2 protein chains.
Amino acid sequence: MKLDERHLVQLAAVVQAGGVTEGAAMLGLTQPALSRTLSMLEKRLGEPLFLKGRRPLQPTPLGRALADHGQAMLVASRKASTLVERFRQGRTGVVRVGGTPFFMDALISGMIAEFQNGSPDVRIDQSYGYLPDLREALNADRIDLAICPIDILDEGSGMHFKEILPGRNVVACRATHPLLLKRKLDARELLDYPWIAPPPGSPLLADLRSLALSLGATEIKIRYAGGSLTSAVNYMKASDALTVLPHSVVFAFRNEKAITALPVNIPHPERALGLLRRTDDLRAPAVEAFSAHVGRSFENLRHLIKRHEQAIVWGM
Amino acid sequence: MKLDERHLVQLAAVVQAGGVTEGAAMLGLTQPALSRTLSMLEKRLGEPLFLKGRRPLQPTPLGRALADHGQAMLVASRKASTLVERFRQGRTGVVRVGGTPFFMDALISGMIAEFQNGSPDVRIDQSYGYLPDLREALNADRIDLAICPIDILDEGSGMHFKEILPGRNVVACRATHPLLLKRKLDARELLDYPWIAPPPGSPLLADLRSLALSLGATEIKIRYAGGSLTSAVNYMKASDALTVLPHSVVFAFRNEKAITALPVNIPHPERALGLLRRTDDLRAPAVEAFSAHVGRSFENLRHLIKRHEQAIVWGM
DNA sequence: AATTAATATAACAATCTGCTATGAAATTGG
DNA sequence: CCAATTTCATAGCAGATTGTTATATTAATT
């Protein structure tokens with residue numbers, strides 16, 4: 001005997017509400033609609049679901065038992081409804097985000113935490129990679145969103161890119177670095193210190209090379225390579241080593257007062273940090289919401305940086 | 001967003017089966033029917049439920065989550081179906097049975113246990129009463145079935161009566177009663193011993209009075225009254241007291257060898273034990289099954305009694 | 001590139017759903 | 001005990017939904 005799920009739900013509503021009229025109200029139906037469903041059910045089952053001629057409507061044992069199952073369905077139905085609702089608002093779901101390690105570690109991880117304060121039911125799956133990997137991952141639908149620096153010319157090819165922070169690199173060092181004491185800093189003095197190489201594949205590695213080139217050096221003293229951001233920072237804290245980092249990454253460490261940027265201008269790349277997504281992706285709302293959050297966070301960050309720099313200037 | 005329960009069930013089937021075609025088979029539908037349901041769901045939700053252009057069909061996170069709820073409904077639906085099935089076969093449900101205390105305690109309770117060995121999901125609610133109460137309870141739908149002795153003339157009035165055992169009373173005593181030793185027993189000797197009165201309201205009480213009358217006694221020595229069957233039997237075991245009991249009740253105690261019937265014939269009442277039900281009751285299958293079981297059990301009992309008596313005769 | 005298997009679409013008949021209007025029955029209050 | 005009121009049942013109808021078969025697309029396989 002196959003039973004229509006809807007019928008059981010309606011039965012449950014009637015039993016729970018204690019009457020056809022109230023049950024109908026609970027479901028947003030009219031009373032005759034429900035009444036008919038009950039009649040049909042009873043006719044098909046060949047068994048009464050309610051004691052006839054008694055008014056507070058009283059279910060038979062069978063009626064009550066079936067209503068229990070209907071209740072389970074009703075509950076599942078409600079859960080499904082709220083699930084959809086929340087999903088639509090981007091308040092539930094999964095966002096698979098990939099990005100370059102330094103940005104992810106220094107900035108995005110914190111933004112994820114903030115985002116989840118407001119949307120605790122959105123899970124974030126983070127992965128690391130550089131542009132080619134991320135592009136590939138997007139195309140293979142292994143991630144929904146990539147956060148990475150991209151050469152500004154590099155567009156098209158089924159991807160949508162949204163710039164969230166202009167590219168700007170600095171030379172980072174520990175806050176107690178000897179070069180910071182100099183009145184006027186000659187860029188060529190940088191070559192006297194050991195360097196930390198950014199991870200292979202990182203655009204920063206290319207930036208470091210072009211920096212060296214612009215300083216007229218054929219070679220720089222790479223002392224340490226392959227470490228994550230935390231490793232690089234820790235290494236810097238304990239040495240006079242220098243490295244090239246995005247300004248925003250150094251800025252993110254400002255409160256620790258352990259590392260800082262040297263006051264030298266270095267060529268800034270024709271590159272900007274941004275959000276990369278497939279254009280044909282039917283963006284899930286949670287992805288949309290997270291992207292918007294990241295966008296807003298970086299906007300705040302830009303303002304923070306601007307105010308911070310003005311303060312520095314005033315302070316000088 | 002209200003979702004059609006049926007749609008979620010279908011979604012669950014597709015996700016569980018891993019494909020539209022197999023999901024359709026699982027539900028006993030055709031593939032296009034399911035396919036359309038999925039399209040409609042996606043259109044209404046505005047969200048994809050499956051990754052497009054991938055085969056084996058793979059659900060999106062939302063699709064999977066909704067399918068989980070659908071699965072819950074599917075489970076509830078199946079349970080409801082088997083519930084109905086079993087209910088129809090009388091293998092589940094509630095039977096409210098009322099009866100006279102002695103028969104219930106001596107015979108019916110055991111039959112209930114036997115019945116439930118085959119139908120463990122049928123609950124039996126037992127209550128006690130004599131004919132007027134039972135009639136009333138049947139009419140008020142407090143019980144489904146009454147088991148009690150009824151005067152054979154007494155019929156009609158919206159009730160259906162099925163005789164299951166002819167009325168036959170005996171005088172019961174303990175197995176070691178002195179009267180059992182007599183070669184020839186004069187009925188008037190019964191008056192020399194103390195008696196246990198059946199409970200007030202019991203037809204046995206009337207039978208006891210008419211017995212006394214037939215023995216020419218104006219009065220009999222009532223020593224004990226008001227006890228249940230167990231009490232009466234225990235009292236008998238420890239004394240020379242006599243009482244009037246239905247033969248079948250005494251027979252039910254035959255294995256204990258503690259009480260027995262005196263070999264005297266006493267007037268048997270124009271009364272029979274039977275099943276009483278309302279004629280207009282849309283007999284639930286469980287009630288039907290239980291009634292049938294009780295009927296069969298008493299039939300067995302009749303044969304048992306017959307064989308037992310023949311054995312006794314041969315043994316004499 | 002051809003074949004195969006699976007999914008999507010189309011068209012149509014039957015059913016079902018919901019509604020409004022109205023009748024019947026049971027409870028409530030005098 | 002009867003009238004008023006509330007609640008449930010029934011009827012009729014328009015529109016939505018369901019299922020079917022036949023056929024077109026699409027992805028995987030060889």
# chains A, B, ... in the order shown; residues from 1 in each chain; ligands from 1
>>> select_by_dssp(residues="region 31-273 of chain A", states="strand (DSSP E or B)", output="ChimeraX atom specification")
/A:50,59,92-99,121-128,145-151,159-166,169-174,195-197,222-225,242-246,259-261,271-273
>>> residues_around(residues="Pro269 (chain B)", least_positions_apart="2", cutoff="7 Å", atoms="only C-alpha atoms (C1' of nucleotides)", output="JSON, numbers by chain")
{"B": [167, 168, 267, 271]}
>>> write_last_selection(atoms="N, CA and C atoms", output="PDB file, in the first residue's frame")
ATOM      1  N   GLY B 167     -22.503 -23.071  28.887  1.00  0.00           N
ATOM      2  CA  GLY B 167     -22.420 -22.860  30.327  1.00  0.00           C
ATOM      3  C   GLY B 167     -22.451 -24.174  31.088  1.00  0.00           C
ATOM      4  N   ARG B 168     -21.583 -24.321  32.012  1.00  0.00           N
ATOM      5  CA  ARG B 168     -21.572 -25.554  32.815  1.00  0.00           C
ATOM      6  C   ARG B 168     -20.798 -25.279  34.081  1.00  0.00           C
ATOM      7  N   PRO B 267     -27.444 -28.022  38.726  1.00  0.00           N
ATOM      8  CA  PRO B 267     -28.190 -27.459  37.580  1.00  0.00           C
ATOM      9  C   PRO B 267     -27.283 -26.533  36.767  1.00  0.00           C
ATOM     10  N   ARG B 271     -27.053 -20.441  29.998  1.00  0.00           N
ATOM     11  CA  ARG B 271     -26.123 -19.334  29.773  1.00  0.00           C
ATOM     12  C   ARG B 271     -24.917 -19.904  29.050  1.00  0.00           C
TER      13      ARG B 271
END
>>> interface_residues(of="chain B", to="chain D", cutoff="12 Å", atoms="only C-alpha atoms (C1' of nucleotides)", output="PyMOL selection string")
chain B and resi 4+6-7+28-34+36-37+40+52-57
>>> interface_residues(of="chain B", to="chain C", cutoff="8 Å", atoms="only C-alpha atoms (C1' of nucleotides)", output="list in words")
Val20, Thr21, Pro32 and Ser35 of chain B
>>> atom_distance(atom1="CA of Ala272 (chain A)", atom2="CA of Ile124 (chain A)")
23.6 Å
>>> interface_residues(of="chain B", to="chain A", cutoff="10 Å", atoms="only C-alpha atoms", output="PDB file with C-alpha atoms, in the first residue's frame")
ATOM      1  CA  MET B   1       9.673  28.243   0.335  1.00  0.00           C
ATOM      2  CA  LYS B   2       7.273  25.343   0.637  1.00  0.00           C
ATOM      3  CA  LEU B   3       8.447  22.175  -1.035  1.00  0.00           C
ATOM      4  CA  ASP B   4       6.321  19.324  -2.228  1.00  0.00           C
ATOM      5  CA  GLU B   5       7.087  16.295  -0.107  1.00  0.00           C
ATOM      6  CA  ARG B   6       6.775  14.022  -3.072  1.00  0.00           C
ATOM      7  CA  HIS B   7       9.435  15.943  -4.938  1.00  0.00           C
ATOM      8  CA  LEU B   8      11.893  15.547  -2.116  1.00  0.00           C
ATOM      9  CA  VAL B   9      11.228  11.844  -1.949  1.00  0.00           C
ATOM     10  CA  LEU B  45      14.524  26.730  -6.318  1.00  0.00           C
ATOM     11  CA  GLY B  46      16.590  28.694  -8.776  1.00  0.00           C
ATOM     12  CA  GLU B  47      19.491  26.501  -7.686  1.00  0.00           C
ATOM     13  CA  PRO B  48      20.977  23.489  -9.367  1.00  0.00           C
ATOM     14  CA  LEU B  51      26.273  19.135 -11.434  1.00  0.00           C
ATOM     15  CA  THR B  60      25.311  19.671  -5.491  1.00  0.00           C
ATOM     16  CA  PRO B  61      25.638  20.265  -1.753  1.00  0.00           C
ATOM     17  CA  LEU B  62      22.125  21.650  -1.747  1.00  0.00           C
ATOM     18  CA  GLY B  63      20.880  18.688  -3.713  1.00  0.00           C
ATOM     19  CA  ALA B  65      21.126  18.139   1.743  1.00  0.00           C
ATOM     20  CA  LEU B  66      17.608  18.211   0.373  1.00  0.00           C
ATOM     21  CA  ALA B  67      17.890  14.577  -0.586  1.00  0.00           C
ATOM     22  CA  ASP B  68      18.701  13.773   3.028  1.00  0.00           C
ATOM     23  CA  HIS B  69      15.423  15.251   4.120  1.00  0.00           C
ATOM     24  CA  GLY B  70      13.696  13.450   1.298  1.00  0.00           C
ATOM     25  CA  GLN B  71      15.262  10.268   2.543  1.00  0.00           C
ATOM     26  CA  ALA B  72      13.728  10.849   5.958  1.00  0.00           C
ATOM     27  CA  MET B  73      10.362  11.188   4.295  1.00  0.00           C
ATOM     28  CA  LEU B  74      10.932   8.101   2.233  1.00  0.00           C
ATOM     29  CA  VAL B  75      11.677   6.158   5.371  1.00  0.00           C
ATOM     30  CA  ALA B  76       8.592   7.490   7.095  1.00  0.00           C
ATOM     31  CA  SER B  77       6.558   6.673   4.037  1.00  0.00           C
ATOM     32  CA  ARG B  78       7.772   3.111   3.941  1.00  0.00           C
ATOM     33  CA  LYS B  79       7.073   2.695   7.631  1.00  0.00           C
ATOM     34  CA  ALA B  80       3.588   4.021   7.121  1.00  0.00           C
ATOM     35  CA  SER B  81       3.028   1.593   4.300  1.00  0.00           C
ATOM     36  CA  THR B  82       4.104  -1.438   6.270  1.00  0.00           C
ATOM     37  CA  LEU B  83       2.094  -0.174   9.208  1.00  0.00           C
ATOM     38  CA  VAL B  84      -1.025  -0.135   7.095  1.00  0.00           C
ATOM     39  CA  GLU B  85      -0.190  -3.533   5.696  1.00  0.00           C
ATOM     40  CA  PHE B  87      -2.755  -3.294  10.469  1.00  0.00           C
ATOM     41  CA  ARG B  88      -4.858  -4.750   7.709  1.00  0.00           C
ATOM     42  CA  THR B  92      -0.670  -4.434  14.697  1.00  0.00           C
ATOM     43  CA  GLY B  93      -3.093  -2.266  16.570  1.00  0.00           C
ATOM     44  CA  VAL B  94      -4.848  -2.219  19.895  1.00  0.00           C
ATOM     45  CA  VAL B  95      -7.567  -4.534  21.116  1.00  0.00           C
ATOM     46  CA  ASP B 141     -16.574   2.499  22.571  1.00  0.00           C
ATOM     47  CA  LEU B 282     -16.116  -1.524  11.738  1.00  0.00           C
ATOM     48  CA  ARG B 283     -14.100  -4.246  13.340  1.00  0.00           C
ATOM     49  CA  ALA B 284     -10.438  -3.422  13.171  1.00  0.00           C
ATOM     50  CA  PRO B 285      -8.505  -6.373  11.774  1.00  0.00           C
TER      51      PRO B 285
END
